[in-house]
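Pasted below: work_27.csv, CSV, N, CA, C and O atoms.
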```csv
chain,number,residue,atom,x,y,z
A,1,MET,N,39.9,3.6,70.1
A,1,MET,CA,39.2,4.9,69.9
A,1,MET,C,37.9,5.0,70.6
A,1,MET,O,37.1,4.0,70.5
A,2,HIS,N,37.7,6.0,71.3
A,2,HIS,CA,36.4,6.2,72.0
A,2,HIS,C,35.3,6.4,71.0
A,2,HIS,O,35.5,6.9,69.9
A,3,SER,N,34.0,6.0,71.4
A,3,SER,CA,32.9,6.1,70.4
A,3,SER,C,32.7,7.5,69.9
A,3,SER,O,32.4,7.7,68.7
A,4,GLN,N,32.8,8.5,70.8
A,4,GLN,CA,32.6,9.9,70.3
A,4,GLN,C,33.7,10.3,69.3
A,4,GLN,O,33.4,11.0,68.4
A,5,GLN,N,34.9,9.9,69.5
A,5,GLN,CA,36.0,10.1,68.6
A,5,GLN,C,35.6,9.5,67.2
A,5,GLN,O,35.9,10.1,66.2
A,6,LEU,N,35.1,8.3,67.2
A,6,LEU,CA,34.7,7.7,66.0
A,6,LEU,C,33.6,8.5,65.3
A,6,LEU,O,33.7,8.7,64.0
A,7,VAL,N,32.6,8.9,66.0
A,7,VAL,CA,31.6,9.8,65.4
A,7,VAL,C,32.2,11.0,64.7
A,7,VAL,O,31.9,11.3,63.6
A,8,GLU,N,33.1,11.7,65.5
A,8,GLU,CA,33.7,12.9,65.0
A,8,GLU,C,34.6,12.7,63.8
A,8,GLU,O,34.6,13.5,62.8
A,9,THR,N,35.3,11.5,63.8
A,9,THR,CA,36.2,11.2,62.7
A,9,THR,C,35.4,11.0,61.4
A,9,THR,O,35.7,11.4,60.3
A,10,ILE,N,34.3,10.2,61.5
A,10,ILE,CA,33.5,9.9,60.3
A,10,ILE,C,32.8,11.1,59.8
A,10,ILE,O,32.7,11.4,58.6
A,11,LYS,N,32.3,11.9,60.7
A,11,LYS,CA,31.6,13.2,60.3
A,11,LYS,C,32.6,14.1,59.7
A,11,LYS,O,32.3,14.7,58.6
A,12,ALA,N,33.8,14.3,60.2
A,12,ALA,CA,34.8,15.1,59.6
A,12,ALA,C,35.2,14.7,58.2
A,12,ALA,O,35.4,15.5,57.3
A,13,ARG,N,35.3,13.4,58.0
A,13,ARG,CA,35.6,12.8,56.7
A,13,ARG,C,34.5,13.1,55.7
A,13,ARG,O,34.7,13.5,54.6
A,14,ARG,N,33.2,13.0,56.1
A,14,ARG,CA,32.1,13.3,55.3
A,14,ARG,C,32.1,14.7,54.9
A,14,ARG,O,32.0,15.1,53.7
A,15,GLU,N,32.4,15.6,55.8
A,15,GLU,CA,32.4,17.1,55.5
A,15,GLU,C,33.6,17.4,54.7
A,15,GLU,O,33.4,18.3,53.8
A,16,MET,N,34.7,16.8,54.9
A,16,MET,CA,35.9,17.1,54.1
A,16,MET,C,35.7,16.7,52.6
A,16,MET,O,36.1,17.4,51.7
A,17,LEU,N,34.9,15.7,52.4
A,17,LEU,CA,34.6,15.2,51.0
A,17,LEU,C,33.4,16.0,50.4
A,17,LEU,O,33.0,15.7,49.3
A,18,ASN,N,32.8,16.9,51.2
A,18,ASN,CA,31.6,17.7,50.8
A,18,ASN,C,30.5,16.8,50.4
A,18,ASN,O,29.8,16.9,49.4
A,19,VAL,N,30.3,15.8,51.3
A,19,VAL,CA,29.2,14.8,51.1
A,19,VAL,C,28.1,15.2,52.1
A,19,VAL,O,28.4,15.3,53.3
A,20,THR,N,26.9,15.3,51.7
A,20,THR,CA,25.8,15.6,52.6
A,20,THR,C,25.4,14.3,53.3
A,20,THR,O,25.7,13.2,52.9
A,21,GLN,N,24.6,14.5,54.4
A,21,GLN,CA,24.1,13.3,55.1
A,21,GLN,C,23.2,12.5,54.1
A,21,GLN,O,23.3,11.2,54.1
A,22,GLU,N,22.4,13.2,53.3
A,22,GLU,CA,21.6,12.5,52.4
A,22,GLU,C,22.3,11.7,51.4
A,22,GLU,O,22.0,10.5,51.0
A,23,MET,N,23.4,12.3,50.9
A,23,MET,CA,24.3,11.6,49.9
A,23,MET,C,24.9,10.4,50.5
A,23,MET,O,25.0,9.3,49.9
A,24,LEU,N,25.5,10.5,51.7
A,24,LEU,CA,26.1,9.4,52.4
A,24,LEU,C,25.1,8.3,52.7
A,24,LEU,O,25.5,7.1,52.5
A,25,ALA,N,23.9,8.6,53.1
A,25,ALA,CA,22.9,7.6,53.3
A,25,ALA,C,22.7,6.8,52.1
A,25,ALA,O,22.6,5.6,52.1
A,26,ALA,N,22.5,7.5,50.9
A,26,ALA,CA,22.3,6.8,49.7
A,26,ALA,C,23.5,6.0,49.2
A,26,ALA,O,23.3,4.8,48.8
A,27,LEU,N,24.7,6.5,49.4
A,27,LEU,CA,25.9,5.8,49.0
A,27,LEU,C,26.2,4.6,49.8
A,27,LEU,O,26.7,3.6,49.3
A,28,SER,N,25.9,4.7,51.1
A,28,SER,CA,26.2,3.6,52.0
A,28,SER,C,25.1,2.6,52.2
A,28,SER,O,25.4,1.5,52.7
A,29,GLY,N,23.9,2.9,51.9
A,29,GLY,CA,22.8,2.0,52.2
A,29,GLY,C,22.3,2.1,53.7
A,29,GLY,O,21.5,1.3,54.1
A,30,VAL,N,22.8,3.1,54.4
A,30,VAL,CA,22.4,3.3,55.8
A,30,VAL,C,21.3,4.3,55.8
A,30,VAL,O,21.3,5.3,55.0
A,31,GLY,N,20.2,4.1,56.5
A,31,GLY,CA,19.1,5.0,56.6
A,31,GLY,C,19.5,6.4,57.1
A,31,GLY,O,20.4,6.5,57.9
A,32,LEU,N,18.9,7.4,56.5
A,32,LEU,CA,19.2,8.8,56.8
A,32,LEU,C,19.0,9.0,58.3
A,32,LEU,O,19.8,9.7,59.0
A,33,ARG,N,17.9,8.5,58.9
A,33,ARG,CA,17.6,8.7,60.3
A,33,ARG,C,18.7,8.1,61.1
A,33,ARG,O,19.1,8.6,62.1
A,34,THR,N,19.1,6.9,60.7
A,34,THR,CA,20.2,6.2,61.5
A,34,THR,C,21.5,7.0,61.4
A,34,THR,O,22.2,7.2,62.4
A,35,LEU,N,21.8,7.6,60.3
A,35,LEU,CA,23.0,8.4,60.1
A,35,LEU,C,22.9,9.6,61.0
A,35,LEU,O,23.9,10.0,61.6
A,36,LYS,N,21.8,10.3,60.9
A,36,LYS,CA,21.6,11.5,61.7
A,36,LYS,C,21.7,11.2,63.2
A,36,LYS,O,22.4,12.0,64.0
A,37,GLN,N,21.2,10.1,63.7
A,37,GLN,CA,21.3,9.7,65.1
A,37,GLN,C,22.8,9.4,65.4
A,37,GLN,O,23.2,9.8,66.5
A,38,PHE,N,23.4,8.7,64.5
A,38,PHE,CA,24.8,8.4,64.7
A,38,PHE,C,25.7,9.7,64.9
A,38,PHE,O,26.4,9.8,65.8
A,39,GLU,N,25.5,10.6,64.0
A,39,GLU,CA,26.3,11.8,64.0
A,39,GLU,C,26.0,12.7,65.2
A,39,GLU,O,26.8,13.5,65.6
A,40,SER,N,24.8,12.6,65.7
A,40,SER,CA,24.4,13.4,66.9
A,40,SER,C,24.8,12.8,68.2
A,40,SER,O,24.7,13.3,69.2
A,41,GLY,N,25.4,11.5,68.1
A,41,GLY,CA,25.8,10.8,69.2
A,41,GLY,C,24.7,10.1,70.0
A,41,GLY,O,24.9,9.6,71.1
A,42,LYS,N,23.5,10.1,69.4
A,42,LYS,CA,22.3,9.5,70.0
A,42,LYS,C,22.1,8.1,69.6
A,42,LYS,O,21.4,7.3,70.2
A,43,GLY,N,22.7,7.7,68.5
A,43,GLY,CA,22.4,6.3,67.9
A,43,GLY,C,23.4,5.3,68.5
A,43,GLY,O,24.5,5.7,69.1
A,44,ASN,N,23.0,4.1,68.4
A,44,ASN,CA,23.9,3.0,68.8
A,44,ASN,C,24.1,2.1,67.6
A,44,ASN,O,23.4,1.2,67.4
A,45,SER,N,25.1,2.5,66.8
A,45,SER,CA,25.4,1.8,65.6
A,45,SER,C,25.9,0.4,65.7
A,45,SER,O,26.7,0.2,66.6
A,46,THR,N,25.6,-0.4,64.7
A,46,THR,CA,26.1,-1.7,64.7
A,46,THR,C,27.5,-1.7,63.9
A,46,THR,O,27.8,-0.7,63.2
A,47,LEU,N,28.2,-2.7,64.0
A,47,LEU,CA,29.5,-2.8,63.3
A,47,LEU,C,29.2,-2.8,61.8
A,47,LEU,O,30.0,-2.2,61.0
A,48,ASP,N,28.1,-3.4,61.4
A,48,ASP,CA,27.8,-3.4,60.0
A,48,ASP,C,27.5,-2.0,59.5
A,48,ASP,O,28.0,-1.6,58.4
A,49,THR,N,26.8,-1.2,60.2
A,49,THR,CA,26.6,0.2,59.9
A,49,THR,C,27.9,1.0,59.8
A,49,THR,O,28.1,1.7,58.8
A,50,LEU,N,28.7,0.8,60.7
A,50,LEU,CA,30.0,1.5,60.7
A,50,LEU,C,30.9,1.1,59.5
A,50,LEU,O,31.5,1.9,58.9
A,51,GLN,N,30.8,-0.2,59.2
A,51,GLN,CA,31.6,-0.6,58.0
A,51,GLN,C,31.0,0.0,56.7
A,51,GLN,O,31.8,0.4,55.8
A,52,LYS,N,29.7,0.0,56.6
A,52,LYS,CA,29.1,0.6,55.4
A,52,LYS,C,29.4,2.1,55.3
A,52,LYS,O,29.8,2.6,54.2
A,53,LEU,N,29.4,2.8,56.4
A,53,LEU,CA,29.8,4.3,56.3
A,53,LEU,C,31.3,4.4,56.0
A,53,LEU,O,31.6,5.3,55.1
A,54,GLY,N,32.1,3.6,56.6
A,54,GLY,CA,33.5,3.7,56.3
A,54,GLY,C,33.8,3.3,54.8
A,54,GLY,O,34.6,4.0,54.2
A,55,ASP,N,33.2,2.3,54.3
A,55,ASP,CA,33.4,1.9,52.9
A,55,ASP,C,33.0,3.1,52.0
A,55,ASP,O,33.7,3.4,51.0
A,56,ALA,N,31.8,3.7,52.2
A,56,ALA,CA,31.3,4.8,51.4
A,56,ALA,C,32.2,6.0,51.4
A,56,ALA,O,32.3,6.7,50.4
A,57,LEU,N,32.9,6.2,52.5
A,57,LEU,CA,33.8,7.4,52.7
A,57,LEU,C,35.3,7.0,52.4
A,57,LEU,O,36.1,7.9,52.6
A,58,GLY,N,35.5,5.8,52.0
A,58,GLY,CA,36.9,5.4,51.7
A,58,GLY,C,37.8,5.3,52.9
A,58,GLY,O,39.0,5.6,52.9
A,59,MET,N,37.2,4.9,54.0
A,59,MET,CA,37.9,4.7,55.3
A,59,MET,C,38.1,3.2,55.6
A,59,MET,O,37.2,2.4,55.3
A,60,GLU,N,39.1,2.9,56.3
A,60,GLU,CA,39.3,1.6,56.8
A,60,GLU,C,39.0,1.6,58.3
A,60,GLU,O,39.7,2.3,59.0
A,61,ILE,N,38.0,0.9,58.7
A,61,ILE,CA,37.6,0.9,60.1
A,61,ILE,C,38.0,-0.4,60.7
A,61,ILE,O,37.5,-1.5,60.2
A,62,THR,N,38.8,-0.4,61.7
A,62,THR,CA,39.3,-1.7,62.3
A,62,THR,C,39.0,-1.6,63.8
A,62,THR,O,38.9,-0.6,64.4
A,63,PHE,N,38.8,-2.8,64.3
A,63,PHE,CA,38.5,-2.9,65.7
A,63,PHE,C,39.5,-3.8,66.4
A,63,PHE,O,39.9,-4.9,65.8
A,64,THR,N,39.9,-3.5,67.6
A,64,THR,CA,40.8,-4.4,68.3
A,64,THR,C,40.0,-4.8,69.6
A,64,THR,O,39.4,-4.0,70.3
A,65,VAL,N,40.1,-6.1,69.8
A,65,VAL,CA,39.5,-6.6,71.0
A,65,VAL,C,40.6,-7.0,72.0
A,65,VAL,O,41.5,-7.8,71.6
A,66,LYS,N,40.6,-6.4,73.2
A,66,LYS,CA,41.6,-6.7,74.1
A,66,LYS,C,41.0,-7.6,75.2
A,66,LYS,O,39.9,-7.5,75.6
A,67,GLU,N,41.8,-8.6,75.6
A,67,GLU,CA,41.4,-9.5,76.7
A,67,GLU,C,41.6,-8.8,78.0
A,67,GLU,O,42.6,-8.1,78.2
A,68,ALA,N,40.6,-8.8,78.8
A,68,ALA,CA,40.7,-8.2,80.1
A,68,ALA,C,41.7,-8.9,81.0
A,68,ALA,O,41.8,-10.2,81.0
A,69,SER,N,42.5,-8.2,81.7
A,69,SER,CA,43.4,-8.8,82.6
A,69,SER,C,42.7,-9.4,83.8
A,69,SER,O,41.8,-8.8,84.3
A,70,THR,N,43.1,-10.5,84.3
A,70,THR,CA,42.5,-11.1,85.4
A,70,THR,C,43.4,-10.9,86.6
A,70,THR,O,44.6,-11.1,86.6
A,71,LYS,N,42.9,-10.4,87.7
A,71,LYS,CA,43.7,-10.2,88.9
A,71,LYS,C,43.0,-10.8,90.1
A,71,LYS,O,41.9,-11.0,90.2
```
Using the file provided, produce a representation of the structure as structure tokens.
Amino acid sequence: MHSQQLVETIKARREMLNVTQEMLAALSGVGLRTLKQFESGKGNSTLDTLQKLGDALGMEITFTVKEASTK
């Protein structure tokens, strides 16, 4: 999943649950400023931040690492 898709998916889930940014920040332990930057596409979130947001929203966030092909 592309990073912008990830942002949009998390934001859509938050909105679907009628959770404000302030509420999500409090529930997840992620700073409000960090959350706002993330949702605006300006932040560079850590895996820990993404996991906290996912946990608070009842989402499972998984990552796949692919080995680059050598040619």
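Taking atom CA of A:Leu50 and atom CA of A:Ile10 as endpoints, the distance between them is 9.1 Å.
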>> Could you go through chain A and tell me which residues DSSP, when run on the backbone, assigns to alpha helix (DSSP H), listing them as a PyMOL selection string?
In response: chain A and resi 3-16+21-28+32-39+47-57
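Interatomic distance, atom CA of A:Lys36 to atom CA of A:Gln21: 7.3 Å.
Taking atom CA of A:Leu17 and atom CA of A:Leu57 as endpoints, the distance between them is 8.0 Å.
Nearest to A:Glu8 of all the residues A:Gly29, A:Leu24, A:Gly43, A:Phe38 is A:Phe38, counting all atoms listed in the file.
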> When distances are computed from only C-alpha atoms, which of A:Leu6, A:Leu27, A:Ala68, A:Leu32 shows the smallest separation from A:Ala56?
Replying inline: A:Leu27
> Contacts of A:Ser45 at 12 Å or less, counting only C-alpha atoms, minus same-chain residues fewer than 3 places along, as a list in words?
Replying inline: Ser3, Gln4, Leu6, Val7, Val30, Gly31, Arg33, Thr34, Leu35, Lys36, Gln37, Phe38, Glu39, Ser40, Gly41, Lys42, Asp48, Thr49, Leu50, Gln51, Lys52 and Leu53 of chain A
